[in-house]
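Asks: Next up is a structure, given as structure tokens.
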Amino acid sequence: MGFTIAVLPGDGIGPEVVAEGVKVLHAVARRFALDLTLEEGLIGGIAIDQTGEPLPPATVALCQSADAVLLGAVGGPKWDDPTAKVRPEQGLLAIRKTLGLFANLRPVTIHPLLVDASPLRPERLEGVDLLVVRELTGGIYFGEKRRERDAAGEWASDLCLYTEAEIVRVVRVAASLARTRHGKLTLVDKANVLETSRLWRSVTTRLMQEEFSDLSYDWMLVDACAMHLLRKPSDFDVIVTENMFGDILTDETSMLAGSMGMLPSASLGEGHKGLYEPIHGSAPDIAGQGKANPFATILSCAMLLRHSLQHEAAARAVEAAVSATLEAGCITGDLARGDQAVATTAAVGDAVVMRI
Ligand code: IPM
Ligand code: MG
């Protein structure tokens, strides 16, 4: 069976890391006799430069007809003017929304060799294996935005709105995943202050009783969670939370793994189609220098194989090749300690390909 994958390299280090992901996908296709067609599209700042829009219609059409989307990163200083009407990030938010990708999976596992790369003490990292499921197409990111001026000066507002249906569908994804893992779900909210959080709390609690009573379920306030993630991260299995809390907490969880360059993500909707991207950004300071860590993108390709192509064996082959590459000491500078040798982005990608 054939699959089409839309490839959106984007800005900064996006093209460099995506190039390695593409190499890996080709290698997997050869090894498992998959018929993959990869087609490139524009998104972000480069799309603004070439077409005036961060998400041109041609890219939307490409993603809509594809089975999966592989994305690098968007944004950079060139487009950073906060007063600009058109911004690269709008392209990313729009493609998530247009494709209906409401569940963003951000797993955190720690390779034993990278324990020293984390700012946390090694004993705190023992047994860490968690997954954050972030709601991705609602909440304060997508509510009405206003910016006005009255007699007292300027004011602005961002509306945070959630419907019961939006909560139910993402919690179902998170709870179903918990069932395949360690059987524990933690809802993270701010129900002591926010009405939206109180809705999350009651809807989630009811759903867990009705459909997932076999799982262990608890909730935690987001500020306490931020603290607990550093104090005892191994307590968590699956965390489910709203869009903005998930954005903030996953930058924090990436530090458990030692580098932003290690963490992949999958954004899923109702069907098998998904968008896969590293959780790191476009890192303009190191773009074009061959320094970027491609592991997060390559591990995102593994998630693509697992969730969109439903090919668990291929996904595991990629994950095993990444581990073997790490164990062989082939790493970029962000992971190197002391006088450890540093490899380029492309050399790391080649080392993974060799092991597939
Ligand atoms: C992320 C990023 C994006 C987000 C930005 C680039 C809009 O931080 O994917 O976590 O906030 O969702
Ligand atoms: Mg973020």
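Each chain of the structure tokens is named A, B, ... in the order shown, its residues numbered from 1; ligands are numbered from 1 in display order.
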Apply DSSP to the backbone of this structure and, from segment 30-177 of chain A, keep only the residues in strand (DSSP E); write these as a PyMOL selection string.
Replies: chain A and resi 35-40+68-73+103-109+129-135+145-150+153-158
Asks: Take the selection from the previous step and output its residues with C-alpha atoms, as a compact mmCIF listing (two decimals), in the first residue's frame.
Replies:
```
# COMPACT_ATOMS: atom_id res chain seq x y z
CA ASP A 35 5.76 2.58 -0.84
CA LEU A 36 6.32 6.16 0.37
CA THR A 37 5.90 9.32 -1.67
CA LEU A 38 7.38 12.44 -0.07
CA GLU A 39 6.26 15.87 -1.26
CA GLU A 40 7.62 19.17 0.00
CA ALA A 68 0.92 12.29 7.34
CA VAL A 69 2.86 15.53 7.66
CA LEU A 70 6.49 15.86 8.76
CA LEU A 71 7.33 19.37 9.93
CA GLY A 72 10.61 21.02 10.97
CA ALA A 73 10.13 24.34 12.74
CA ALA A 103 -4.34 15.78 20.52
CA ASN A 104 -0.66 16.56 20.80
CA LEU A 105 1.43 13.70 22.16
CA ARG A 106 4.76 14.63 23.74
CA PRO A 107 6.47 11.57 25.25
CA VAL A 108 9.50 11.88 27.53
CA THR A 109 11.84 8.97 27.99
CA ASP A 129 8.59 7.52 31.37
CA LEU A 130 5.85 10.05 30.87
CA LEU A 131 3.59 11.29 28.12
CA VAL A 132 1.99 14.70 27.98
CA VAL A 133 -1.19 14.87 25.90
CA ARG A 134 -1.75 18.52 25.15
CA GLU A 135 -5.07 19.80 23.75
CA LYS A 145 -8.36 38.23 20.57
CA ARG A 146 -8.90 41.94 21.11
CA ARG A 147 -6.67 44.95 21.29
CA GLU A 148 -8.38 48.28 21.94
CA ARG A 149 -7.72 51.72 23.28
CA ASP A 150 -10.04 53.70 25.52
CA GLY A 153 -5.18 53.64 27.62
CA GLU A 154 -4.75 50.38 25.74
CA TRP A 155 -6.25 47.05 26.75
CA ALA A 156 -6.13 43.55 25.31
CA SER A 157 -7.86 40.24 25.88
CA ASP A 158 -7.49 36.59 24.82
```
Asks: With the cut-off set at 9 Å and counting only C-alpha atoms and all ligand atoms, tabulate each residue of chain A with an atom at most that distance from an atom of ligand 1, showing the nearest atom pair and its distance in Å to one decimal, ordered by chain and increasing number, as a tab-separated table.
Replies:
```
residue	atom	partner	partner_atom_place_in_ligand_line	distance
A:Ala73	CA	ligand 1	6 (C)	7.8
A:Val74	CA	ligand 1	6 (C)	6.7
A:Gly75	CA	ligand 1	6 (C)	7.3
A:Pro88	CA	ligand 1	6 (C)	8.3
A:Glu89	CA	ligand 1	7 (C)	4.9
A:Gln90	CA	ligand 1	7 (C)	7.2
A:Gly91	CA	ligand 1	7 (C)	8.8
A:Leu92	CA	ligand 1	7 (C)	6.5
A:Leu93	CA	ligand 1	7 (C)	6.4
A:Leu136	CA	ligand 1	12 (O)	7.5
A:Tyr141	CA	ligand 1	11 (O)	8.1
A:Asn243	CA	ligand 1	12 (O)	7.7
A:Met244	CA	ligand 1	11 (O)	7.3
A:Gly246	CA	ligand 1	10 (O)	8.0
A:Asp247	CA	ligand 1	10 (O)	4.9
A:Ile248	CA	ligand 1	10 (O)	7.6
A:Thr250	CA	ligand 1	10 (O)	7.4
A:Asp251	CA	ligand 1	10 (O)	7.5
A:Ser265	CA	ligand 1	9 (O)	8.8
A:Glu277	CA	ligand 1	9 (O)	8.3
A:Pro278	CA	ligand 1	9 (O)	8.4
A:Ile279	CA	ligand 1	9 (O)	5.9
A:His280	CA	ligand 1	1 (C)	7.5
A:Gly281	CA	ligand 1	6 (C)	6.7
A:Ser282	CA	ligand 1	6 (C)	8.8
```
Asks: Can you write out the residues you just picked, keeping C-alpha atoms, as a JSON list (two decimals), in the first residue's frame?
Replies:
```json
[["chain", "number", "residue", "atom", "x", "y", "z"],
["A", 73, "ALA", "CA", 10.13, 24.34, 12.74],
["A", 74, "VAL", "CA", 8.83, 27.83, 12.01],
["A", 75, "GLY", "CA", 9.90, 31.34, 12.95],
["A", 88, "PRO", "CA", 5.27, 32.33, 10.83],
["A", 89, "GLU", "CA", 3.62, 30.84, 13.93],
["A", 90, "GLN", "CA", 0.19, 31.52, 12.42],
["A", 91, "GLY", "CA", 1.02, 28.92, 9.78],
["A", 92, "LEU", "CA", 1.67, 26.27, 12.40],
["A", 93, "LEU", "CA", -1.48, 27.04, 14.39],
["A", 136, "LEU", "CA", -3.98, 21.54, 20.55],
["A", 141, "TYR", "CA", -4.66, 29.96, 21.58],
["A", 243, "ASN", "CA", -3.39, 23.93, 25.17],
["A", 244, "MET", "CA", -1.36, 26.59, 26.99],
["A", 246, "GLY", "CA", 0.68, 21.80, 27.80],
["A", 247, "ASP", "CA", 2.85, 24.21, 25.85],
["A", 248, "ILE", "CA", 4.56, 25.44, 28.99],
["A", 250, "THR", "CA", 6.44, 20.34, 27.81],
["A", 251, "ASP", "CA", 9.32, 22.79, 27.57],
["A", 265, "SER", "CA", 5.79, 14.95, 19.04],
["A", 277, "GLU", "CA", 7.44, 17.58, 14.56],
["A", 278, "PRO", "CA", 10.27, 17.95, 17.02],
["A", 279, "ILE", "CA", 9.18, 19.98, 20.03],
["A", 280, "HIS", "CA", 12.16, 22.33, 19.67],
["A", 281, "GLY", "CA", 11.93, 25.52, 17.68],
["A", 282, "SER", "CA", 13.83, 26.89, 14.69]]
```
Asks: Choose the residue, out of A:Met354, A:Leu114, A:Cys63, A:Val171, that has the smallest atom-to-atom separation from Arg201 of chain A; count only C-alpha atoms.
Replies: A:Val171
Asks: Considering only C-alpha atoms, return as an MDAnalysis selection string whatever protein or nucleic-acid residues lie within 9 Å of Phe295 of chain A, sequence-local ones (same chain, fewer than 2 positions apart) excluded.
Replies: chainID A and resid 17 20:21 261:264 278 293 297:300 322 348:349
Asks: Taking the DSSP assignment computed from this structure's backbone, write out as an NGL selection string all residues of segment 18-239 of chain A that belong to helix (DSSP H, G or I).
Replies: :A and (18-32 or 45-51 or 57-65 or 77-79 or 88-98 or 112-117 or 122-125 or 139-141 or 164-180 or 195-211 or 222-231 or 233-235)
Asks: Point out the residue among A:Glu166, A:Glu144, A:Asp67, A:Glu252 with the least atom-to-atom distance to ligand 2, counting only C-alpha atoms and all ligand atoms.
Replies: A:Glu252
Asks: For Leu177 of chain A, which residue among A:Val238, A:Gln310, A:Lys273, A:Gln289 is the nearest when counting only C-alpha atoms?
Replies: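 The closest residue to Leu177 of chain A is A:Val238.
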